[in-house]
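**Student:** For reference, this is final-v9.cif, and it has mmCIF, N, CA, C and O atoms.
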```
data_structure
loop_
_atom_site.label_atom_id
_atom_site.label_comp_id
_atom_site.auth_asym_id
_atom_site.auth_seq_id
_atom_site.Cartn_x
_atom_site.Cartn_y
_atom_site.Cartn_z
N MET A 108 152.19 -116.04 8.30
CA MET A 108 150.80 -116.26 8.63
C MET A 108 150.59 -117.72 8.97
O MET A 108 151.10 -118.60 8.30
N GLY A 109 149.81 -117.96 10.00
CA GLY A 109 149.56 -119.33 10.42
C GLY A 109 148.58 -120.03 9.50
O GLY A 109 147.79 -119.40 8.79
N GLU A 110 148.66 -121.33 9.56
CA GLU A 110 147.75 -122.10 8.70
C GLU A 110 146.31 -121.99 9.16
O GLU A 110 145.39 -122.12 8.36
N ASP A 111 146.09 -121.73 10.46
CA ASP A 111 144.72 -121.54 10.94
C ASP A 111 144.08 -120.31 10.30
O ASP A 111 142.90 -120.33 9.95
N ILE A 112 144.85 -119.26 10.15
CA ILE A 112 144.32 -118.04 9.53
C ILE A 112 143.99 -118.29 8.07
O ILE A 112 142.94 -117.86 7.57
N LEU A 113 144.85 -119.01 7.38
CA LEU A 113 144.60 -119.30 5.96
C LEU A 113 143.37 -120.19 5.78
O LEU A 113 142.55 -119.96 4.88
N ILE A 114 143.22 -121.18 6.65
CA ILE A 114 142.04 -122.05 6.58
C ILE A 114 140.79 -121.24 6.89
O ILE A 114 139.75 -121.40 6.23
N GLY A 115 140.87 -120.36 7.88
CA GLY A 115 139.73 -119.52 8.23
C GLY A 115 139.31 -118.61 7.08
O GLY A 115 138.12 -118.47 6.78
N VAL A 116 140.29 -118.00 6.43
CA VAL A 116 139.98 -117.13 5.29
C VAL A 116 139.38 -117.95 4.15
O VAL A 116 138.43 -117.52 3.49
N ALA A 117 139.91 -119.14 3.92
CA ALA A 117 139.38 -119.99 2.84
C ALA A 117 137.94 -120.41 3.14
O ALA A 117 137.08 -120.38 2.25
N LEU A 118 137.64 -120.78 4.38
CA LEU A 118 136.29 -121.17 4.74
C LEU A 118 135.32 -120.00 4.64
O LEU A 118 134.18 -120.16 4.20
N LEU A 119 135.76 -118.81 5.04
CA LEU A 119 134.91 -117.63 4.90
C LEU A 119 134.68 -117.29 3.43
O LEU A 119 133.58 -116.86 3.06
N ALA A 120 135.68 -117.50 2.59
CA ALA A 120 135.50 -117.26 1.15
C ALA A 120 134.51 -118.26 0.56
O ALA A 120 133.68 -117.90 -0.29
N ILE A 121 134.58 -119.51 0.99
CA ILE A 121 133.63 -120.51 0.52
C ILE A 121 132.21 -120.15 0.96
O ILE A 121 131.27 -120.25 0.18
N ALA A 122 132.06 -119.70 2.22
CA ALA A 122 130.74 -119.30 2.71
C ALA A 122 130.20 -118.12 1.92
O ALA A 122 129.02 -118.09 1.55
N ALA A 123 131.05 -117.14 1.63
CA ALA A 123 130.62 -115.99 0.84
C ALA A 123 130.22 -116.42 -0.57
O ALA A 123 129.24 -115.93 -1.13
N GLY A 124 130.98 -117.35 -1.15
CA GLY A 124 130.64 -117.86 -2.47
C GLY A 124 129.31 -118.60 -2.47
O GLY A 124 128.50 -118.46 -3.39
N LEU A 125 129.07 -119.39 -1.43
CA LEU A 125 127.80 -120.11 -1.33
C LEU A 125 126.63 -119.14 -1.17
O LEU A 125 125.55 -119.37 -1.72
N ILE A 126 126.83 -118.08 -0.41
CA ILE A 126 125.78 -117.08 -0.26
C ILE A 126 125.50 -116.41 -1.59
O ILE A 126 124.34 -116.21 -1.99
N PHE A 127 126.55 -116.07 -2.33
CA PHE A 127 126.38 -115.42 -3.62
C PHE A 127 125.70 -116.35 -4.64
O PHE A 127 124.82 -115.93 -5.38
N ILE A 128 126.08 -117.61 -4.63
CA ILE A 128 125.49 -118.58 -5.57
C ILE A 128 124.02 -118.83 -5.25
O ILE A 128 123.20 -119.00 -6.15
N GLY A 129 123.66 -118.82 -3.97
CA GLY A 129 122.31 -119.15 -3.57
C GLY A 129 121.30 -118.02 -3.67
O GLY A 129 120.13 -118.22 -3.39
N ARG A 130 121.76 -116.83 -4.03
CA ARG A 130 120.82 -115.71 -4.12
C ARG A 130 119.87 -115.88 -5.30
O ARG A 130 120.26 -116.32 -6.37
N PRO A 131 118.60 -115.52 -5.10
CA PRO A 131 117.66 -115.58 -6.23
C PRO A 131 117.93 -114.44 -7.21
O PRO A 131 118.57 -113.44 -6.87
N ASP A 132 117.42 -114.60 -8.43
CA ASP A 132 117.60 -113.53 -9.42
C ASP A 132 116.58 -112.42 -9.16
O ASP A 132 115.85 -112.43 -8.18
N ARG A 133 116.56 -111.43 -10.03
CA ARG A 133 115.69 -110.26 -9.82
C ARG A 133 114.21 -110.62 -9.82
O ARG A 133 113.39 -109.94 -9.19
N ALA A 134 113.85 -111.68 -10.48
CA ALA A 134 112.45 -112.12 -10.53
C ALA A 134 112.06 -112.93 -9.29
O ALA A 134 110.90 -113.29 -9.13
N GLY A 135 113.02 -113.23 -8.43
CA GLY A 135 112.75 -113.99 -7.23
C GLY A 135 112.82 -115.49 -7.41
O GLY A 135 112.44 -116.24 -6.52
N VAL A 136 113.33 -115.93 -8.56
CA VAL A 136 113.44 -117.36 -8.84
C VAL A 136 114.78 -117.87 -8.31
O VAL A 136 115.82 -117.29 -8.59
N HIS A 137 114.71 -118.93 -7.51
CA HIS A 137 115.94 -119.51 -6.98
C HIS A 137 116.72 -120.22 -8.08
O HIS A 137 116.17 -120.60 -9.11
N THR A 138 118.01 -120.42 -7.83
CA THR A 138 118.83 -121.17 -8.77
C THR A 138 118.28 -122.60 -8.88
O THR A 138 117.52 -123.06 -8.03
N ARG A 139 118.70 -123.31 -9.90
CA ARG A 139 118.10 -124.60 -10.21
C ARG A 139 118.22 -125.62 -9.08
O ARG A 139 117.29 -126.34 -8.78
N PHE A 140 119.38 -125.65 -8.41
CA PHE A 140 119.56 -126.66 -7.37
C PHE A 140 118.83 -126.29 -6.07
O PHE A 140 118.69 -127.13 -5.19
N LEU A 141 118.34 -125.07 -5.94
CA LEU A 141 117.59 -124.69 -4.74
C LEU A 141 116.08 -124.72 -4.95
O LEU A 141 115.33 -124.28 -4.09
N GLN A 142 115.62 -125.25 -6.06
CA GLN A 142 114.19 -125.31 -6.31
C GLN A 142 113.52 -126.52 -5.66
O GLN A 142 112.31 -126.65 -5.72
N PHE A 143 114.30 -127.38 -5.04
CA PHE A 143 113.75 -128.55 -4.36
C PHE A 143 113.63 -128.24 -2.87
O PHE A 143 114.44 -127.51 -2.31
N ASP A 144 112.61 -128.80 -2.23
CA ASP A 144 112.36 -128.51 -0.83
C ASP A 144 113.51 -128.93 0.08
O ASP A 144 113.87 -128.23 1.02
N ALA A 145 114.11 -130.08 -0.21
CA ALA A 145 115.20 -130.56 0.64
C ALA A 145 116.41 -129.64 0.56
O ALA A 145 117.10 -129.42 1.56
N ALA A 146 116.66 -129.08 -0.61
CA ALA A 146 117.80 -128.17 -0.76
C ALA A 146 117.58 -126.89 0.03
O ALA A 146 118.52 -126.34 0.62
N LEU A 147 116.36 -126.40 0.06
CA LEU A 147 116.07 -125.18 0.83
C LEU A 147 116.23 -125.40 2.33
O LEU A 147 116.52 -124.47 3.06
N VAL A 148 116.06 -126.64 2.77
CA VAL A 148 116.23 -126.95 4.18
C VAL A 148 117.70 -127.16 4.51
O VAL A 148 118.17 -126.75 5.57
N LEU A 149 118.45 -127.79 3.62
CA LEU A 149 119.85 -128.14 3.91
C LEU A 149 120.86 -127.06 3.57
O LEU A 149 121.95 -127.03 4.13
N TYR A 150 120.54 -126.18 2.65
CA TYR A 150 121.52 -125.19 2.17
C TYR A 150 121.94 -124.19 3.25
O TYR A 150 123.15 -123.96 3.43
N PRO A 151 121.01 -123.58 4.00
CA PRO A 151 121.45 -122.63 5.04
C PRO A 151 122.35 -123.23 6.11
O PRO A 151 123.35 -122.59 6.49
N PRO A 152 122.09 -124.45 6.63
CA PRO A 152 123.04 -124.99 7.60
C PRO A 152 124.43 -125.24 7.02
O PRO A 152 125.43 -125.08 7.72
N VAL A 153 124.50 -125.61 5.76
CA VAL A 153 125.81 -125.82 5.14
C VAL A 153 126.58 -124.51 5.07
O VAL A 153 127.78 -124.44 5.40
N VAL A 154 125.90 -123.44 4.70
CA VAL A 154 126.53 -122.12 4.66
C VAL A 154 126.98 -121.71 6.06
O VAL A 154 128.09 -121.20 6.25
N LEU A 155 126.13 -121.93 7.06
CA LEU A 155 126.48 -121.58 8.42
C LEU A 155 127.65 -122.38 8.96
O LEU A 155 128.47 -121.86 9.73
N VAL A 156 127.76 -123.65 8.56
CA VAL A 156 128.90 -124.47 9.00
C VAL A 156 130.21 -123.90 8.45
O VAL A 156 131.19 -123.76 9.18
N PHE A 157 130.23 -123.54 7.17
CA PHE A 157 131.44 -122.95 6.61
C PHE A 157 131.75 -121.60 7.25
O PHE A 157 132.90 -121.29 7.54
N PHE A 158 130.71 -120.78 7.48
CA PHE A 158 130.92 -119.48 8.09
C PHE A 158 131.44 -119.62 9.52
O PHE A 158 132.42 -118.97 9.90
N ALA A 159 130.80 -120.47 10.32
CA ALA A 159 131.22 -120.65 11.71
C ALA A 159 132.62 -121.25 11.79
O ALA A 159 133.44 -120.84 12.61
N GLY A 160 132.89 -122.24 10.93
CA GLY A 160 134.23 -122.83 10.92
C GLY A 160 135.30 -121.82 10.54
O GLY A 160 136.39 -121.80 11.12
N GLY A 161 134.98 -120.95 9.59
CA GLY A 161 135.93 -119.92 9.19
C GLY A 161 136.19 -118.92 10.30
O GLY A 161 137.34 -118.53 10.54
N VAL A 162 135.15 -118.51 10.99
CA VAL A 162 135.32 -117.57 12.10
C VAL A 162 136.13 -118.20 13.23
O VAL A 162 137.03 -117.57 13.78
N VAL A 163 135.83 -119.45 13.55
CA VAL A 163 136.55 -120.13 14.63
C VAL A 163 138.03 -120.28 14.27
O VAL A 163 138.91 -120.01 15.10
N GLU A 164 138.31 -120.70 13.07
CA GLU A 164 139.71 -120.87 12.65
C GLU A 164 140.45 -119.53 12.61
O GLU A 164 141.61 -119.44 12.99
N LEU A 165 139.76 -118.50 12.16
CA LEU A 165 140.37 -117.17 12.10
C LEU A 165 140.68 -116.66 13.50
O LEU A 165 141.79 -116.16 13.76
N ILE A 166 139.76 -116.80 14.42
CA ILE A 166 140.00 -116.36 15.80
C ILE A 166 141.10 -117.19 16.45
O ILE A 166 141.98 -116.65 17.14
N ALA A 167 141.07 -118.49 16.24
CA ALA A 167 142.11 -119.36 16.81
C ALA A 167 143.48 -118.99 16.26
O ALA A 167 144.47 -118.95 17.00
N GLY A 168 143.54 -118.73 14.97
CA GLY A 168 144.82 -118.35 14.38
C GLY A 168 145.32 -117.01 14.89
O GLY A 168 146.52 -116.83 15.13
N LEU A 169 144.43 -116.07 15.08
CA LEU A 169 144.83 -114.76 15.61
C LEU A 169 145.27 -114.86 17.06
O LEU A 169 146.23 -114.18 17.47
N LEU A 170 144.59 -115.69 17.84
CA LEU A 170 145.01 -115.86 19.24
C LEU A 170 146.35 -116.57 19.35
O LEU A 170 147.16 -116.24 20.21
N ARG A 171 146.59 -117.53 18.48
CA ARG A 171 147.88 -118.25 18.51
C ARG A 171 149.02 -117.38 18.02
O ARG A 171 150.15 -117.53 18.47
N SER A 172 148.74 -116.49 17.08
CA SER A 172 149.82 -115.64 16.55
C SER A 172 150.22 -114.57 17.57
O SER A 172 151.33 -114.05 17.52
N GLY A 173 149.33 -114.26 18.51
CA GLY A 173 149.65 -113.25 19.53
C GLY A 173 150.49 -113.78 20.68
O GLY A 173 151.00 -113.01 21.48
N GLN A 174 150.66 -115.07 20.77
CA GLN A 174 151.42 -115.65 21.88
C GLN A 174 152.89 -115.60 21.63
O GLN A 174 153.47 -115.67 20.66
#
```
Starting from the coordinates I provided, produce the structure as structure tokens.

**Tutor:**
Amino acid sequence: MGEDILIGVALLAIAAGLIFIGRPDRAGVHTRFLQFDAALVLYPPVVLVFFAGGVVELIAGLLRSGQ
């Protein structure tokens, strides 16, 4: 397996972990670090960066392994 695929899987796992950590509880209360306005603005782009980077690395690794 190429290192691009491993990096892609790792970045996707980090994105999934961030999504799971950022979910509110059953009462709708956000986790402690997301109760500030700045965190609510910055958290989704951080998750999207890890997700997009993981997808790009995974696709690049799959295309390189096919050559």

**Student:** Near Phe158 (chain A), counting all atoms listed in the file, which residues have an atom at most 7 Å away, once you skip same-chain residues fewer than 6 positions from it, shown as a VMD selection string?

**Tutor:** chain A and resid 115 118 to 119 121 to 123 152 164

**Student:** Considering only N, CA, C and O atoms, return as a list in words whatever protein or nucleic-acid residues lie within 8 Å of Leu141 (chain A), sequence-local ones (same chain, fewer than 4 positions apart) excluded.

**Tutor:** Ile128, Gly129, Val136, His137, Ala145, Ala146, Leu147, Val148 and Tyr150 of chain A

**Student:** I'd like the contact shell of Asp111 (chain A) - 10 Å cut-off, only C-alpha atoms, skipping same-chain residues fewer than 5 positions apart - returned as a VMD selection string.

**Tutor:** chain A and resid 116 to 117 161 163 to 169 171 to 172

**Student:** Work out how far apart CA of Gly124 (chain A) and CA of Gly173 (chain A) are and give it in Å to one decimal.

**Tutor:**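 CA of Gly173 (chain A) lies 29.4 Å from CA of Gly124 (chain A).
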
**Student:** How far is it from CA of Pro131 (chain A) to CA of Asp144 (chain A), in Å with one decimal?

**Tutor:** 15.0 Å

**Student:** Could you go through chain A and tell me which residues DSSP, when run on the backbone, assigns to alpha helix (DSSP H), listing them as number ranges by chain?

**Tutor:** A: 110-129, 144-172

**Student:** For CA of Leu155 (chain A) and atom C of Ile126 (chain A), determine how far apart the two atoms are, in Å to one decimal place.

**Tutor:**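 Straight-line distance from CA of Leu155 (chain A) to atom C of Ile126 (chain A) works out to 11.3 Å.
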
**Student:** Would you fill the gaps in region 122-133 of chain A so it has all heavy atoms, then print it as a compact mmCIF listing (two decimals), in the coordinates of the input?

**Tutor:**
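Saved file out18.txt follows:
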```txt
# COMPACT_ATOMS: atom_id res chain seq x y z
N ALA A 122 132.06 -119.70 2.22
CA ALA A 122 130.74 -119.30 2.71
C ALA A 122 130.20 -118.12 1.92
O ALA A 122 129.02 -118.09 1.55
CB ALA A 122 130.82 -118.95 4.20
N ALA A 123 131.05 -117.14 1.63
CA ALA A 123 130.62 -115.99 0.84
C ALA A 123 130.22 -116.42 -0.57
O ALA A 123 129.24 -115.93 -1.13
CB ALA A 123 131.73 -114.94 0.79
N GLY A 124 130.98 -117.35 -1.15
CA GLY A 124 130.64 -117.86 -2.47
C GLY A 124 129.31 -118.60 -2.47
O GLY A 124 128.50 -118.46 -3.39
N LEU A 125 129.07 -119.39 -1.43
CA LEU A 125 127.80 -120.11 -1.33
C LEU A 125 126.63 -119.14 -1.17
O LEU A 125 125.55 -119.37 -1.72
CB LEU A 125 127.83 -121.09 -0.17
CG LEU A 125 128.69 -122.34 -0.36
CD1 LEU A 125 128.77 -123.13 0.94
CD2 LEU A 125 128.13 -123.20 -1.48
N ILE A 126 126.83 -118.08 -0.41
CA ILE A 126 125.78 -117.08 -0.26
C ILE A 126 125.50 -116.41 -1.59
O ILE A 126 124.34 -116.21 -1.99
CB ILE A 126 126.17 -116.04 0.81
CG1 ILE A 126 126.15 -116.69 2.19
CG2 ILE A 126 125.23 -114.83 0.78
CD1 ILE A 126 126.74 -115.82 3.28
N PHE A 127 126.55 -116.07 -2.33
CA PHE A 127 126.38 -115.42 -3.62
C PHE A 127 125.70 -116.35 -4.64
O PHE A 127 124.82 -115.93 -5.38
CB PHE A 127 127.75 -114.97 -4.16
CG PHE A 127 127.65 -114.23 -5.46
CD1 PHE A 127 127.19 -112.93 -5.50
CD2 PHE A 127 128.03 -114.84 -6.64
CE1 PHE A 127 127.10 -112.26 -6.70
CE2 PHE A 127 127.94 -114.18 -7.84
CZ PHE A 127 127.47 -112.88 -7.87
N ILE A 128 126.08 -117.61 -4.63
CA ILE A 128 125.49 -118.58 -5.57
C ILE A 128 124.02 -118.83 -5.25
O ILE A 128 123.20 -119.00 -6.15
CB ILE A 128 126.28 -119.91 -5.53
CG1 ILE A 128 127.65 -119.73 -6.16
CG2 ILE A 128 125.54 -121.02 -6.24
CD1 ILE A 128 128.58 -120.90 -5.95
N GLY A 129 123.66 -118.82 -3.97
CA GLY A 129 122.31 -119.15 -3.57
C GLY A 129 121.30 -118.02 -3.67
O GLY A 129 120.13 -118.22 -3.39
N ARG A 130 121.76 -116.83 -4.03
CA ARG A 130 120.82 -115.71 -4.12
C ARG A 130 119.87 -115.88 -5.30
O ARG A 130 120.26 -116.32 -6.37
CB ARG A 130 121.60 -114.41 -4.32
CG ARG A 130 122.39 -114.00 -3.11
CD ARG A 130 123.18 -112.74 -3.32
NE ARG A 130 122.34 -111.69 -3.86
CZ ARG A 130 122.79 -110.74 -4.66
NH1 ARG A 130 124.06 -110.71 -4.99
NH2 ARG A 130 121.99 -109.82 -5.12
N PRO A 131 118.60 -115.52 -5.10
CA PRO A 131 117.66 -115.58 -6.23
C PRO A 131 117.93 -114.44 -7.21
O PRO A 131 118.57 -113.44 -6.87
CB PRO A 131 116.29 -115.43 -5.57
CG PRO A 131 116.55 -114.79 -4.26
CD PRO A 131 117.94 -115.17 -3.86
N ASP A 132 117.42 -114.60 -8.43
CA ASP A 132 117.60 -113.53 -9.42
C ASP A 132 116.58 -112.42 -9.16
O ASP A 132 115.85 -112.43 -8.18
CB ASP A 132 117.47 -114.09 -10.85
CG ASP A 132 116.12 -114.71 -11.12
OD1 ASP A 132 115.25 -114.66 -10.24
OD2 ASP A 132 115.94 -115.26 -12.22
N ARG A 133 116.56 -111.43 -10.03
CA ARG A 133 115.69 -110.26 -9.82
C ARG A 133 114.21 -110.62 -9.82
O ARG A 133 113.39 -109.94 -9.19
CB ARG A 133 115.96 -109.21 -10.88
CG ARG A 133 117.32 -108.59 -10.75
CD ARG A 133 117.47 -107.43 -11.73
NE ARG A 133 118.82 -106.94 -11.75
CZ ARG A 133 119.25 -105.94 -11.00
NH1 ARG A 133 118.43 -105.35 -10.18
NH2 ARG A 133 120.49 -105.54 -11.09
```
